[in-house]
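Asks: Input file: final.cif. Contents: mmCIF, N, CA and C atoms.
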```
data_run
loop_
_atom_site.label_atom_id
_atom_site.label_comp_id
_atom_site.auth_asym_id
_atom_site.auth_seq_id
_atom_site.Cartn_x
_atom_site.Cartn_y
_atom_site.Cartn_z
N MET A 1 -59.55 -21.22 26.47
CA MET A 1 -58.76 -20.18 25.83
C MET A 1 -59.68 -19.02 25.52
N ASP A 2 -59.28 -17.82 25.84
CA ASP A 2 -60.06 -16.61 25.61
C ASP A 2 -59.91 -16.21 24.14
N LYS A 3 -61.01 -16.27 23.40
CA LYS A 3 -60.95 -15.99 21.96
C LYS A 3 -60.50 -14.57 21.67
N ASP A 4 -60.90 -13.60 22.50
CA ASP A 4 -60.48 -12.23 22.27
C ASP A 4 -58.99 -12.06 22.50
N ALA A 5 -58.47 -12.76 23.49
CA ALA A 5 -57.05 -12.62 23.82
C ALA A 5 -56.16 -13.14 22.71
N CYS A 6 -56.58 -14.21 22.01
CA CYS A 6 -55.73 -14.78 20.98
C CYS A 6 -56.22 -14.46 19.57
N ARG A 7 -57.31 -13.72 19.47
CA ARG A 7 -57.88 -13.36 18.18
C ARG A 7 -58.15 -14.60 17.34
N CYS A 8 -58.68 -15.66 17.98
CA CYS A 8 -59.02 -16.88 17.25
C CYS A 8 -60.15 -16.58 16.26
N ILE A 9 -60.08 -17.18 15.11
CA ILE A 9 -61.13 -17.07 14.13
C ILE A 9 -62.12 -18.20 14.35
N SER A 10 -61.60 -19.38 14.64
CA SER A 10 -62.44 -20.55 14.85
C SER A 10 -61.62 -21.60 15.58
N ASP A 11 -62.26 -22.32 16.49
CA ASP A 11 -61.55 -23.40 17.18
C ASP A 11 -61.60 -24.70 16.38
N LYS A 12 -62.64 -24.86 15.57
CA LYS A 12 -62.76 -26.08 14.79
C LYS A 12 -63.16 -25.72 13.36
N HIS A 13 -62.20 -25.83 12.47
CA HIS A 13 -62.47 -25.53 11.08
C HIS A 13 -61.65 -26.46 10.21
N PRO A 14 -62.05 -27.76 10.11
CA PRO A 14 -61.28 -28.70 9.32
C PRO A 14 -61.42 -28.41 7.82
N TYR A 15 -60.42 -28.77 7.09
CA TYR A 15 -60.44 -28.62 5.65
C TYR A 15 -60.02 -29.94 5.03
N PHE A 16 -60.77 -30.42 4.08
CA PHE A 16 -60.45 -31.66 3.42
C PHE A 16 -59.99 -31.38 2.00
N LEU A 17 -58.84 -31.87 1.65
CA LEU A 17 -58.33 -31.72 0.30
C LEU A 17 -58.97 -32.81 -0.55
N PRO A 18 -59.70 -32.44 -1.61
CA PRO A 18 -60.39 -33.46 -2.41
C PRO A 18 -59.43 -34.54 -2.90
N GLY A 19 -59.85 -35.77 -2.74
CA GLY A 19 -59.08 -36.88 -3.27
C GLY A 19 -58.09 -37.51 -2.33
N ASP A 20 -57.67 -36.81 -1.28
CA ASP A 20 -56.65 -37.45 -0.44
C ASP A 20 -57.14 -37.79 0.96
N ASN A 21 -58.34 -37.31 1.33
CA ASN A 21 -58.96 -37.68 2.59
C ASN A 21 -58.13 -37.32 3.82
N ILE A 22 -57.17 -36.42 3.70
CA ILE A 22 -56.36 -36.02 4.83
C ILE A 22 -56.96 -34.75 5.41
N GLN A 23 -57.32 -34.80 6.69
CA GLN A 23 -57.92 -33.62 7.32
C GLN A 23 -56.82 -32.61 7.61
N LYS A 24 -57.03 -31.36 7.21
CA LYS A 24 -56.05 -30.30 7.41
C LYS A 24 -56.38 -29.52 8.67
N GLY A 25 -55.36 -28.88 9.23
CA GLY A 25 -55.56 -28.13 10.45
C GLY A 25 -55.49 -29.01 11.68
N ILE A 26 -55.17 -30.28 11.49
CA ILE A 26 -55.02 -31.21 12.60
C ILE A 26 -53.53 -31.30 12.93
N CYS A 27 -53.20 -31.17 14.21
CA CYS A 27 -51.82 -31.25 14.63
C CYS A 27 -51.34 -32.69 14.53
N GLY A 28 -50.26 -32.90 13.79
CA GLY A 28 -49.71 -34.24 13.63
C GLY A 28 -48.96 -34.73 14.84
N TYR A 29 -48.71 -33.84 15.80
CA TYR A 29 -48.00 -34.24 17.01
C TYR A 29 -48.96 -34.79 18.06
N CYS A 30 -50.13 -34.15 18.21
CA CYS A 30 -51.08 -34.56 19.26
C CYS A 30 -52.44 -34.99 18.69
N ASN A 31 -52.62 -34.86 17.37
CA ASN A 31 -53.86 -35.22 16.67
C ASN A 31 -55.08 -34.43 17.10
N GLN A 32 -54.87 -33.24 17.64
CA GLN A 32 -55.97 -32.36 18.01
C GLN A 32 -56.16 -31.30 16.93
N GLN A 33 -57.37 -30.77 16.85
CA GLN A 33 -57.66 -29.69 15.91
C GLN A 33 -56.91 -28.44 16.36
N ALA A 34 -56.15 -27.85 15.47
CA ALA A 34 -55.46 -26.59 15.76
C ALA A 34 -56.46 -25.44 15.65
N SER A 35 -56.16 -24.35 16.34
CA SER A 35 -57.03 -23.16 16.29
C SER A 35 -56.61 -22.27 15.14
N LEU A 36 -57.60 -21.70 14.47
CA LEU A 36 -57.34 -20.76 13.40
C LEU A 36 -57.16 -19.39 14.04
N VAL A 37 -55.95 -18.80 13.90
CA VAL A 37 -55.62 -17.54 14.55
C VAL A 37 -55.02 -16.57 13.53
N TYR A 38 -54.92 -15.31 13.91
CA TYR A 38 -54.25 -14.31 13.07
C TYR A 38 -52.76 -14.28 13.39
N GLY A 39 -52.00 -13.71 12.45
CA GLY A 39 -50.55 -13.67 12.53
C GLY A 39 -49.97 -12.93 13.71
N ASP A 40 -50.74 -12.01 14.31
CA ASP A 40 -50.19 -11.31 15.47
C ASP A 40 -49.95 -12.27 16.63
N ARG A 41 -50.60 -13.41 16.60
CA ARG A 41 -50.41 -14.43 17.63
C ARG A 41 -49.13 -15.22 17.37
N ILE A 42 -48.79 -15.40 16.10
CA ILE A 42 -47.61 -16.19 15.72
C ILE A 42 -46.37 -15.30 15.66
N TYR A 43 -46.52 -14.14 15.03
CA TYR A 43 -45.40 -13.23 14.80
C TYR A 43 -45.74 -11.83 15.33
N PRO A 44 -45.80 -11.64 16.66
CA PRO A 44 -46.19 -10.33 17.20
C PRO A 44 -45.24 -9.21 16.80
N HIS A 45 -43.99 -9.54 16.48
CA HIS A 45 -42.98 -8.55 16.12
C HIS A 45 -42.95 -8.23 14.61
N LEU A 46 -43.84 -8.85 13.83
CA LEU A 46 -43.87 -8.63 12.38
C LEU A 46 -45.26 -8.14 11.96
N PRO A 47 -45.49 -6.83 12.06
CA PRO A 47 -46.83 -6.28 11.78
C PRO A 47 -47.38 -6.64 10.40
N HIS A 48 -46.53 -6.82 9.40
CA HIS A 48 -47.04 -7.14 8.06
C HIS A 48 -47.67 -8.53 7.99
N LEU A 49 -47.47 -9.36 9.01
CA LEU A 49 -48.07 -10.70 9.04
C LEU A 49 -49.28 -10.79 9.96
N HIS A 50 -49.61 -9.70 10.65
CA HIS A 50 -50.70 -9.73 11.63
C HIS A 50 -52.05 -10.09 11.04
N GLY A 51 -52.32 -9.74 9.80
CA GLY A 51 -53.62 -10.02 9.20
C GLY A 51 -53.72 -11.38 8.53
N LYS A 52 -52.60 -12.11 8.43
CA LYS A 52 -52.62 -13.43 7.80
C LYS A 52 -53.15 -14.46 8.79
N ARG A 53 -53.63 -15.57 8.25
CA ARG A 53 -54.22 -16.62 9.08
C ARG A 53 -53.26 -17.80 9.21
N TYR A 54 -53.34 -18.43 10.36
CA TYR A 54 -52.51 -19.59 10.69
C TYR A 54 -53.33 -20.59 11.49
N TYR A 55 -52.99 -21.87 11.35
CA TYR A 55 -53.51 -22.87 12.26
C TYR A 55 -52.44 -23.08 13.33
N LEU A 56 -52.81 -22.91 14.59
CA LEU A 56 -51.88 -23.00 15.71
C LEU A 56 -52.33 -24.08 16.68
N CYS A 57 -51.41 -24.99 17.00
CA CYS A 57 -51.62 -25.94 18.09
C CYS A 57 -50.77 -25.40 19.23
N GLN A 58 -51.40 -24.69 20.13
CA GLN A 58 -50.67 -24.03 21.20
C GLN A 58 -49.93 -25.01 22.11
N PRO A 59 -50.54 -26.14 22.53
CA PRO A 59 -49.82 -27.06 23.41
C PRO A 59 -48.52 -27.60 22.79
N CYS A 60 -48.52 -27.78 21.46
CA CYS A 60 -47.35 -28.33 20.77
C CYS A 60 -46.43 -27.25 20.20
N ASP A 61 -46.87 -26.00 20.23
CA ASP A 61 -46.14 -24.89 19.61
C ASP A 61 -45.87 -25.20 18.13
N ALA A 62 -46.90 -25.69 17.46
CA ALA A 62 -46.82 -26.03 16.04
C ALA A 62 -47.82 -25.18 15.28
N TRP A 63 -47.43 -24.72 14.08
CA TRP A 63 -48.37 -23.94 13.28
C TRP A 63 -48.05 -24.08 11.80
N VAL A 64 -49.04 -23.64 11.01
CA VAL A 64 -48.90 -23.61 9.55
C VAL A 64 -49.72 -22.42 9.06
N GLY A 65 -49.22 -21.75 8.04
CA GLY A 65 -49.93 -20.63 7.44
C GLY A 65 -51.03 -21.10 6.51
N CYS A 66 -51.83 -20.13 6.06
CA CYS A 66 -52.93 -20.42 5.14
C CYS A 66 -52.69 -19.75 3.79
N HIS A 67 -53.31 -20.30 2.77
CA HIS A 67 -53.25 -19.73 1.43
C HIS A 67 -53.90 -18.35 1.42
N GLY A 68 -53.17 -17.33 1.01
CA GLY A 68 -53.72 -15.99 0.82
C GLY A 68 -54.64 -15.53 1.92
N ASP A 69 -55.81 -15.08 1.54
CA ASP A 69 -56.81 -14.59 2.50
C ASP A 69 -57.85 -15.67 2.81
N THR A 70 -57.42 -16.93 2.77
CA THR A 70 -58.36 -18.03 3.03
C THR A 70 -58.04 -18.68 4.38
N ASP A 71 -58.82 -19.69 4.72
CA ASP A 71 -58.52 -20.50 5.90
C ASP A 71 -58.04 -21.89 5.47
N ILE A 72 -57.56 -22.00 4.23
CA ILE A 72 -57.04 -23.26 3.70
C ILE A 72 -55.55 -23.35 4.05
N PRO A 73 -55.17 -24.34 4.87
CA PRO A 73 -53.77 -24.44 5.30
C PRO A 73 -52.83 -24.77 4.16
N LEU A 74 -51.61 -24.23 4.26
CA LEU A 74 -50.57 -24.51 3.27
C LEU A 74 -49.98 -25.91 3.44
N GLY A 75 -50.23 -26.53 4.56
CA GLY A 75 -49.72 -27.87 4.85
C GLY A 75 -50.23 -28.31 6.20
N THR A 76 -49.36 -28.93 6.97
CA THR A 76 -49.72 -29.39 8.30
C THR A 76 -48.97 -28.57 9.34
N PRO A 77 -49.55 -28.41 10.54
CA PRO A 77 -48.84 -27.68 11.59
C PRO A 77 -47.48 -28.32 11.88
N ALA A 78 -46.48 -27.47 12.10
CA ALA A 78 -45.11 -27.96 12.31
C ALA A 78 -44.44 -27.21 13.45
N LYS A 79 -43.63 -27.95 14.20
CA LYS A 79 -42.78 -27.34 15.23
C LYS A 79 -41.57 -26.71 14.56
N LEU A 80 -40.80 -25.95 15.33
CA LEU A 80 -39.67 -25.19 14.78
C LEU A 80 -38.71 -26.01 13.93
N PRO A 81 -38.21 -27.17 14.37
CA PRO A 81 -37.26 -27.90 13.52
C PRO A 81 -37.84 -28.27 12.15
N LEU A 82 -39.11 -28.66 12.13
CA LEU A 82 -39.74 -29.01 10.85
C LEU A 82 -39.99 -27.77 10.01
N ARG A 83 -40.36 -26.65 10.63
CA ARG A 83 -40.55 -25.41 9.86
C ARG A 83 -39.23 -24.99 9.22
N ILE A 84 -38.13 -25.15 9.94
CA ILE A 84 -36.81 -24.82 9.38
C ILE A 84 -36.48 -25.76 8.23
N ALA A 85 -36.71 -27.05 8.42
CA ALA A 85 -36.42 -28.04 7.35
C ALA A 85 -37.27 -27.77 6.12
N ARG A 86 -38.55 -27.46 6.30
CA ARG A 86 -39.41 -27.15 5.16
C ARG A 86 -38.94 -25.90 4.44
N GLY A 87 -38.50 -24.91 5.19
CA GLY A 87 -37.98 -23.68 4.58
C GLY A 87 -36.76 -23.96 3.72
N LYS A 88 -35.85 -24.78 4.22
CA LYS A 88 -34.65 -25.15 3.45
C LYS A 88 -35.03 -25.96 2.21
N ALA A 89 -35.98 -26.87 2.37
CA ALA A 89 -36.43 -27.67 1.23
C ALA A 89 -37.05 -26.78 0.16
N HIS A 90 -37.87 -25.81 0.59
CA HIS A 90 -38.48 -24.89 -0.37
C HIS A 90 -37.42 -24.05 -1.08
N THR A 91 -36.44 -23.58 -0.36
CA THR A 91 -35.37 -22.78 -0.98
C THR A 91 -34.67 -23.58 -2.07
N ALA A 92 -34.31 -24.82 -1.77
CA ALA A 92 -33.62 -25.65 -2.76
C ALA A 92 -34.54 -26.02 -3.92
N PHE A 93 -35.77 -26.42 -3.61
CA PHE A 93 -36.72 -26.83 -4.65
C PHE A 93 -37.07 -25.66 -5.56
N ASP A 94 -37.36 -24.50 -4.97
CA ASP A 94 -37.75 -23.33 -5.77
C ASP A 94 -36.62 -22.88 -6.69
N ALA A 95 -35.38 -23.03 -6.24
CA ALA A 95 -34.23 -22.65 -7.09
C ALA A 95 -34.18 -23.52 -8.34
N LEU A 96 -34.57 -24.79 -8.22
CA LEU A 96 -34.54 -25.70 -9.37
C LEU A 96 -35.45 -25.23 -10.49
N TRP A 97 -36.71 -24.91 -10.18
CA TRP A 97 -37.63 -24.53 -11.25
C TRP A 97 -37.50 -23.06 -11.63
N ARG A 98 -37.12 -22.22 -10.70
CA ARG A 98 -36.96 -20.79 -11.05
C ARG A 98 -35.75 -20.56 -11.96
N ASN A 99 -34.72 -21.38 -11.81
CA ASN A 99 -33.51 -21.22 -12.62
C ASN A 99 -33.53 -22.06 -13.89
N ASN A 100 -34.63 -22.71 -14.16
CA ASN A 100 -34.77 -23.54 -15.36
C ASN A 100 -36.00 -23.07 -16.12
N PRO A 101 -35.80 -22.24 -17.17
CA PRO A 101 -36.95 -21.68 -17.90
C PRO A 101 -37.87 -22.72 -18.53
N SER A 102 -37.37 -23.93 -18.76
CA SER A 102 -38.21 -24.95 -19.39
C SER A 102 -38.98 -25.79 -18.36
N LEU A 103 -38.82 -25.46 -17.07
CA LEU A 103 -39.47 -26.25 -16.02
C LEU A 103 -40.39 -25.34 -15.20
N SER A 104 -41.68 -25.62 -15.27
CA SER A 104 -42.64 -24.86 -14.47
C SER A 104 -42.65 -25.41 -13.04
N ARG A 105 -43.21 -24.66 -12.14
CA ARG A 105 -43.33 -25.10 -10.75
C ARG A 105 -44.17 -26.39 -10.68
N LYS A 106 -45.27 -26.40 -11.41
CA LYS A 106 -46.15 -27.57 -11.42
C LYS A 106 -45.42 -28.80 -11.96
N ALA A 107 -44.65 -28.61 -13.04
CA ALA A 107 -43.89 -29.72 -13.61
C ALA A 107 -42.82 -30.21 -12.64
N ALA A 108 -42.20 -29.29 -11.92
CA ALA A 108 -41.19 -29.68 -10.92
C ALA A 108 -41.83 -30.51 -9.82
N TYR A 109 -43.02 -30.12 -9.37
CA TYR A 109 -43.72 -30.91 -8.36
C TYR A 109 -44.11 -32.28 -8.90
N ARG A 110 -44.48 -32.36 -10.19
CA ARG A 110 -44.80 -33.66 -10.78
C ARG A 110 -43.56 -34.57 -10.78
N LEU A 111 -42.41 -33.99 -11.14
CA LEU A 111 -41.16 -34.78 -11.13
C LEU A 111 -40.83 -35.25 -9.72
N LEU A 112 -41.01 -34.36 -8.73
CA LEU A 112 -40.75 -34.73 -7.34
C LEU A 112 -41.71 -35.84 -6.89
N ALA A 113 -42.98 -35.72 -7.27
CA ALA A 113 -43.96 -36.74 -6.92
C ALA A 113 -43.58 -38.09 -7.52
N ASP A 114 -43.15 -38.07 -8.78
CA ASP A 114 -42.72 -39.31 -9.43
C ASP A 114 -41.53 -39.91 -8.69
N TYR A 115 -40.56 -39.07 -8.34
CA TYR A 115 -39.37 -39.54 -7.64
C TYR A 115 -39.73 -40.14 -6.28
N LEU A 116 -40.69 -39.51 -5.57
CA LEU A 116 -41.09 -39.99 -4.25
C LEU A 116 -42.15 -41.09 -4.32
N THR A 117 -42.61 -41.36 -5.53
CA THR A 117 -43.68 -42.34 -5.80
C THR A 117 -44.93 -42.05 -4.96
N ILE A 118 -45.36 -40.79 -5.03
CA ILE A 118 -46.61 -40.37 -4.38
C ILE A 118 -47.46 -39.65 -5.41
N PRO A 119 -48.78 -39.59 -5.21
CA PRO A 119 -49.64 -38.87 -6.15
C PRO A 119 -49.27 -37.38 -6.20
N PRO A 120 -49.28 -36.77 -7.38
CA PRO A 120 -48.93 -35.35 -7.49
C PRO A 120 -49.76 -34.44 -6.59
N ASP A 121 -51.04 -34.77 -6.36
CA ASP A 121 -51.87 -33.89 -5.54
C ASP A 121 -51.52 -33.99 -4.05
N GLN A 122 -50.65 -34.92 -3.70
CA GLN A 122 -50.19 -35.04 -2.31
C GLN A 122 -48.75 -34.59 -2.15
N CYS A 123 -48.18 -34.08 -3.22
CA CYS A 123 -46.77 -33.67 -3.20
C CYS A 123 -46.65 -32.17 -2.95
N HIS A 124 -46.54 -31.82 -1.69
CA HIS A 124 -46.37 -30.42 -1.28
C HIS A 124 -45.42 -30.41 -0.10
N ILE A 125 -44.41 -29.57 -0.15
CA ILE A 125 -43.41 -29.52 0.92
C ILE A 125 -44.07 -29.26 2.27
N GLY A 126 -45.13 -28.48 2.29
CA GLY A 126 -45.85 -28.19 3.53
C GLY A 126 -46.53 -29.40 4.15
N HIS A 127 -46.63 -30.50 3.39
CA HIS A 127 -47.23 -31.73 3.91
C HIS A 127 -46.16 -32.72 4.37
N PHE A 128 -44.90 -32.45 4.03
CA PHE A 128 -43.83 -33.39 4.34
C PHE A 128 -43.41 -33.26 5.80
N ASP A 129 -43.06 -34.40 6.39
CA ASP A 129 -42.51 -34.36 7.73
C ASP A 129 -41.19 -35.10 7.78
#
```
Output the file's structure in the form of structure tokens.
Replies:
Amino acid sequence: MDKDACRCISDKHPYFLPGDNIQKGICGYCNQQASLVYGDRIYPHLPHLHGKRYYLCQPCDAWVGCHGDTDIPLGTPAKLPLRIARGKAHTAFDALWRNNPSLSRKAAYRLLADYLTIPPDQCHIGHFD
């Protein structure tokens, strides 16, 4: 793959979330390291996203965005159906804590983690499949 053509930042840049031992930036479909690319590769028609970073598994057409101006993935690379499902889950979940002044986002995630019987530090919609 031509790095200039895809504006890759790095071909191998794993990230480990402390405590959970799950390697980030790895495609869950093919188990290969995804490439760190800029948003113009993912959303060429949306200039406001061109400077953001994403992990892209080109063979699987799966990707995930990164936190702010970092190379820390928001979750795991996902194909279109999973990206749509995660978006719907976020819309419903965010409405719960945003419309309840006594419930913070963090507290809502703790409740969800308890319900799913998973550790709170592993409870992120971007990690769900």
Asks: Tell me, in Å to one decimal, how far CA of Ile26 in chain A is from CA of Ala107 in chain A.
Replies: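 Value for the CA of Ile26 in chain A-CA of Ala107 in chain A distance: 28.5 Å.
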Asks: Mind checking DSSP for range 30-70 of chain A and telling me the strand (DSSP E or B) residues as a ChimeraX atom specification?
Replies: /A:33,35-38,53-57,62-66
Asks: Write out as a PDB file with N, CA and C atoms, in the frame of the given file each polymer residue whose atoms come within 6 Å of Asp61 in chain A, counting all atoms listed in the file; drop sequence neighbours fewer than 6 positions from it.
Replies:
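So around_21.pdb came out as:
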```
ATOM      1  N   ALA A  78     -46.480 -27.470  12.100  1.00  0.00           N
ATOM      2  CA  ALA A  78     -45.110 -27.960  12.310  1.00  0.00           C
ATOM      3  C   ALA A  78     -44.440 -27.210  13.450  1.00  0.00           C
ATOM      4  N   LYS A  79     -43.630 -27.950  14.200  1.00  0.00           N
ATOM      5  CA  LYS A  79     -42.780 -27.340  15.230  1.00  0.00           C
ATOM      6  C   LYS A  79     -41.570 -26.710  14.560  1.00  0.00           C
ATOM      7  N   LEU A  80     -40.800 -25.950  15.330  1.00  0.00           N
ATOM      8  CA  LEU A  80     -39.670 -25.190  14.780  1.00  0.00           C
ATOM      9  C   LEU A  80     -38.710 -26.010  13.930  1.00  0.00           C
TER      10      LEU A  80
END
```
Asks: Name the residues that the PyMOL selection byres (((chain A and resi 74 and name CA) around 7) and name CA) pulls out of this structure, and write them as a ChimeraX atom specification.
Replies: /A:64-67,72-73,75,126
Asks: So how many Å separate atom C of Thr76 in chain A and atom C of Asn100 in chain A, to one decimal?
Replies: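 Computing it gives 29.1 Å between the two atoms.
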Asks: Given the PyMOL selection byres (((chain A and resi 93 and name CA) around 12) and name CA) and the file above, list the residues it selects as a PyMOL selection string.
Replies: chain A and resi 86-92+94-100+103-109+111-112+124-125
Asks: To one decimal place in Å, what is the distance between atom N of Pro44 in chain A and atom C of Cys123 in chain A?
Replies: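 Taking atom N of Pro44 in chain A and atom C of Cys123 in chain A, their separation equals 28.4 Å.
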Asks: Convert the output of the PyMOL selection byres ((chain A and resi 47-55) around 5) on the shown file into explicit residues, formatted as an MDAnalysis selection string.
Replies: chainID A and resid 35:40 45:46 56:57 63:66
Asks: Pick the closest to Leu82 in chain A from A:Ile42, A:Phe128, A:Arg110, A:Gln122: which is it, counting all atoms listed in the file?
Replies: A:Phe128
Asks: With all atoms listed in the file as the basis for distance, which of A:Pro77, A:Thr117, A:Pro101, A:Arg83 is at the shortest distance from Gly25 in chain A?
Replies: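 Ranking A:Pro77, A:Thr117, A:Pro101, A:Arg83 by distance to Gly25 in chain A, first place goes to A:Pro77.
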Asks: Could you pull out all residues of chain A with a DSSP call of alpha helix (DSSP H) and give them as number ranges by chain?
Replies: A: 3-6, 39-42, 80-98, 105-116
